[in-house]
Amino acid sequence: MSAELIDGKAISQAILDEVRSRIEESGVVPHLVAVQVGEDPASMFYVRNQKKKAEAVGIRYTLRQLSESISQNELIEEIRRLNDDADVTGIILQMPLPKGMDRRAVQRAINYRKDVEGITPTSLGLLLQDRPALVPCTARGAVELLEWVIQKTNDKIEGKDCVIVGRSEIVGKPVAMLMLSMSRSATVTVCHSRTKNLPDKVASADVLFAAVGKPHIIKGEWIKRGAIVIDVGINRVPVLDESGNPVLNEKGKPKYKTVGDVEFEAAKERAAWITPVPGGVGPMTTAILMRNTLEAALRLKGA
């Protein structure tokens, strides 16, 4: 029997609808400022998407676009000016930064009260202490998809064996902290590139979070029957024909598709619930960013 799909689009839309309602009821209009250095095409795409979603829910969105020639000290000074600007309630630093800049040093300059991405040392430290303020968006979104399933099935997270494949600062580690929290109390195993016997670790998981960024690194046959699979990976791979050759578009260029870290078709025959890619965790990231932006504004305004 195939797994039930976890519809990240529908769940994220419900979050956005709630954010819009809370803004209308509170009368507080958050002001999110995105700081972008240079004109990286992928970053520009995310900026356009953020702006569209922000304006749809009633958040004022400003792009502060800076020259790629700016120095790290100048960028940090710009961040500090935004910290001191009472009109600005949220700051997001777009990646990538120019080569040679210390990403962590620049992120560290953001006032944690305006850190809507949840990536400053203070934000992550509060998460470690199990008193989170603003949590990394993708990590929080992934866990909320799990919580949606738990509520739907009238189950509980407490005591479940949770395996996280990936140990990044913005997904793997925050997910581990969220799952270890007193309110969830899962038993957590974090795997990475040097983990031995990865198939056996994955096979033990009641709940699997895949967050590596490598297409189909998690094989479907590894999945425990009845498991909940949250696939965070978003990977672009060429479309191949039956002979394994690239399929070309009308311009003679290879076609691409988006896949996750989990071998979806095989995994869904073993899992009870699984996120599709695309349409699973991806939409949740922006929705949680909008909610974080509202939460930051309400706290700063004392509302």
# chains A, B, ... in the order shown; residues from 1 in each chain; ligands from 1
>>> closest_atom_pairs(of="region 140-175 of chain A", to="region 286-297 of chain A", cutoff="10 Å", atoms="only C-alpha atoms", output="Markdown table")
| residue | atom | partner | partner_atom | distance |
| --- | --- | --- | --- | --- |
| A:Arg140 | CA | A:Ile288 | CA | 7.2 |
| A:Gly141 | CA | A:Ile288 | CA | 6.3 |
| A:Glu144 | CA | A:Ile288 | CA | 9.7 |
>>> write_last_selection(atoms="N, CA and C atoms", output="mmCIF file, in the first residue's frame")
data_model
loop_
_atom_site.group_PDB
_atom_site.id
_atom_site.type_symbol
_atom_site.label_atom_id
_atom_site.label_comp_id
_atom_site.auth_asym_id
_atom_site.auth_seq_id
_atom_site.Cartn_x
_atom_site.Cartn_y
_atom_site.Cartn_z
ATOM 1 N N ARG A 140 12.188 24.280 11.043
ATOM 2 C CA ARG A 140 10.884 24.397 11.700
ATOM 3 C C ARG A 140 9.773 23.895 10.784
ATOM 4 N N GLY A 141 9.865 24.229 9.509
ATOM 5 C CA GLY A 141 8.853 23.767 8.567
ATOM 6 C C GLY A 141 8.812 22.257 8.446
ATOM 7 N N GLU A 144 7.184 20.811 11.511
ATOM 8 C CA GLU A 144 5.742 21.061 11.531
ATOM 9 C C GLU A 144 4.990 20.134 10.579
#
>>> select_by_dssp(residues="region 104-236 of chain A", states="helix (DSSP H, G or I)", output="VMD selection string")
chain A and resid 104 to 108 112 to 114 121 to 128 137 to 152 172 to 180 198 to 203 220 to 222
>>> atom_distance(atom1="CA of Glu74 (chain A)", atom2="CA of Leu93 (chain A)")
14.1 Å
>>> residues_around(residues="region 130-134 of chain A", least_positions_apart="2", cutoff="10 Å", atoms="only C-alpha atoms", output="PyMOL selection string")
chain A and resi 112-120+122-128+136-137+140+177-178+180-183+288-289+291-293+295-296
>>> write_last_selection(atoms="N, CA, C and O atoms", output="tab-separated table (two decimals), in the first residue's frame")
chain	number	residue	atom	x	y	z
A	112	TYR	N	19.51	39.52	17.19
A	112	TYR	CA	18.74	38.28	17.20
A	112	TYR	C	17.23	38.53	17.27
A	112	TYR	O	16.43	37.70	16.83
A	113	ARG	N	16.83	39.69	17.78
A	113	ARG	CA	15.40	40.02	17.84
A	113	ARG	C	14.82	40.28	16.44
A	113	ARG	O	13.60	40.26	16.27
A	114	LYS	N	15.70	40.56	15.47
A	114	LYS	CA	15.27	40.78	14.08
A	114	LYS	C	15.73	39.64	13.16
A	114	LYS	O	15.57	39.72	11.95
A	115	ASP	N	16.26	38.59	13.76
A	115	ASP	CA	16.84	37.47	13.01
A	115	ASP	C	15.75	36.49	12.58
A	115	ASP	O	15.56	35.43	13.18
A	116	VAL	N	15.01	36.85	11.52
A	116	VAL	CA	13.87	36.05	11.11
A	116	VAL	C	14.27	34.71	10.49
A	116	VAL	O	13.43	33.82	10.33
A	117	GLU	N	15.55	34.55	10.15
A	117	GLU	CA	16.03	33.26	9.66
A	117	GLU	C	16.44	32.33	10.79
A	117	GLU	O	16.64	31.14	10.57
A	118	GLY	N	16.61	32.88	11.99
A	118	GLY	CA	16.98	32.06	13.14
A	118	GLY	C	18.38	31.49	13.07
A	118	GLY	O	18.64	30.39	13.57
A	119	ILE	N	19.33	32.27	12.48
A	119	ILE	CA	20.66	31.70	12.24
A	119	ILE	C	21.79	32.39	13.04
A	119	ILE	O	22.95	32.02	12.90
A	120	THR	N	21.45	33.35	13.87
A	120	THR	CA	22.50	33.98	14.68
A	120	THR	C	22.89	33.06	15.83
A	120	THR	O	22.11	32.18	16.23
A	122	THR	N	22.91	33.64	18.95
A	122	THR	CA	21.93	33.75	20.04
A	122	THR	C	20.68	32.94	19.73
A	122	THR	O	20.17	32.21	20.59
A	123	SER	N	20.17	33.04	18.50
A	123	SER	CA	18.99	32.27	18.12
A	123	SER	C	19.23	30.78	18.26
A	123	SER	O	18.39	30.04	18.81
A	124	LEU	N	20.37	30.32	17.77
A	124	LEU	CA	20.68	28.90	17.83
A	124	LEU	C	20.97	28.46	19.26
A	124	LEU	O	20.63	27.34	19.66
A	125	GLY	N	21.57	29.35	20.05
A	125	GLY	CA	21.84	29.03	21.45
A	125	GLY	C	20.55	28.88	22.25
A	125	GLY	O	20.44	27.97	23.09
A	126	LEU	N	19.58	29.74	22.00
A	126	LEU	CA	18.28	29.62	22.67
A	126	LEU	C	17.59	28.31	22.29
A	126	LEU	O	16.94	27.68	23.13
A	127	LEU	N	17.74	27.90	21.04
A	127	LEU	CA	17.18	26.62	20.59
A	127	LEU	C	17.84	25.47	21.34
A	127	LEU	O	17.17	24.53	21.79
A	128	LEU	N	19.15	25.55	21.51
A	128	LEU	CA	19.89	24.52	22.24
A	128	LEU	C	19.41	24.41	23.68
A	128	LEU	O	19.34	23.32	24.26
A	136	PRO	N	15.38	28.40	12.68
A	136	PRO	CA	15.65	28.29	11.24
A	136	PRO	C	14.42	27.77	10.48
A	136	PRO	O	13.82	26.76	10.87
A	137	CYS	N	14.10	28.46	9.40
A	137	CYS	CA	12.80	28.27	8.73
A	137	CYS	C	12.59	26.87	8.17
A	137	CYS	O	11.51	26.27	8.36
A	140	ARG	N	12.19	24.28	11.04
A	140	ARG	CA	10.88	24.40	11.70
A	140	ARG	C	9.77	23.90	10.78
A	140	ARG	O	8.85	23.20	11.22
A	177	MET	N	17.66	19.42	17.53
A	177	MET	CA	17.32	20.13	18.77
A	177	MET	C	15.80	20.20	18.98
A	177	MET	O	15.31	20.02	20.09
A	178	LEU	N	15.06	20.45	17.91
A	178	LEU	CA	13.61	20.50	18.01
A	178	LEU	C	13.03	19.14	18.41
A	178	LEU	O	12.11	19.07	19.23
A	180	LEU	N	14.57	16.79	20.06
A	180	LEU	CA	15.01	16.44	21.41
A	180	LEU	C	14.33	17.28	22.49
A	180	LEU	O	14.46	16.98	23.68
A	181	SER	N	13.62	18.33	22.09
A	181	SER	CA	13.01	19.24	23.05
A	181	SER	C	12.07	18.49	23.99
A	181	SER	O	11.53	17.42	23.66
A	182	MET	N	11.85	19.07	25.15
A	182	MET	CA	10.99	18.44	26.16
A	182	MET	C	9.56	18.26	25.65
A	182	MET	O	8.86	17.34	26.05
A	183	SER	N	9.15	19.12	24.74
A	183	SER	CA	7.78	19.03	24.23
A	183	SER	C	7.61	17.90	23.22
A	183	SER	O	6.47	17.51	22.92
A	288	ILE	N	7.20	29.75	6.93
A	288	ILE	CA	7.76	29.94	8.28
A	288	ILE	C	8.53	31.26	8.35
A	288	ILE	O	8.50	31.95	9.38
A	289	LEU	N	9.20	31.64	7.26
A	289	LEU	CA	9.87	32.95	7.24
A	289	LEU	C	8.87	34.07	7.48
A	289	LEU	O	9.14	35.01	8.24
A	291	ARG	N	5.99	33.84	9.04
A	291	ARG	CA	5.52	33.77	10.43
A	291	ARG	C	6.58	34.29	11.39
A	291	ARG	O	6.26	35.00	12.35
A	292	ASN	N	7.85	33.93	11.15
A	292	ASN	CA	8.94	34.46	11.98
A	292	ASN	C	8.98	35.98	11.91
A	292	ASN	O	9.23	36.66	12.91
A	293	THR	N	8.74	36.53	10.71
A	293	THR	CA	8.75	37.98	10.54
A	293	THR	C	7.65	38.63	11.36
A	293	THR	O	7.85	39.67	12.00
A	295	GLU	N	6.23	37.29	14.09
A	295	GLU	CA	6.56	37.09	15.50
A	295	GLU	C	7.59	38.12	15.97
A	295	GLU	O	7.48	38.70	17.07
A	296	ALA	N	8.61	38.37	15.14
A	296	ALA	CA	9.62	39.37	15.49
A	296	ALA	C	9.01	40.75	15.64
A	296	ALA	O	9.31	41.47	16.59
>>> residues_around(residues="Ile228 (chain A)", least_positions_apart="6", cutoff="10 Å", atoms="only C-alpha atoms", output="VMD selection string")
chain A and resid 3 to 4 6 146 149 to 150 162 205 to 209 268 270 to 275
>>> residues_around(residues="Leu75 (chain A)", least_positions_apart="5", cutoff="9 Å", atoms="only C-alpha atoms", output="number ranges by chain")
A: 37, 66, 70, 80, 106
>>> residues_around(residues="Val190 (chain A)", least_positions_apart="2", cutoff="10 Å", atoms="only C-alpha atoms", output="ChimeraX atom specification")
/A:162-167,172-173,175-176,188,192,195,201,209
>>> closest_atom_pairs(of="region 25-142 of chain A", to="region 233-247 of chain A", cutoff="12 Å", atoms="only C-alpha atoms", output="CSV")
residue,atom,partner,partner_atom,distance
A:Thr138,CA,A:Gly233,CA,10.6
A:Ala139,CA,A:Gly233,CA,11.9
A:Ala142,CA,A:Gly233,CA,11.0
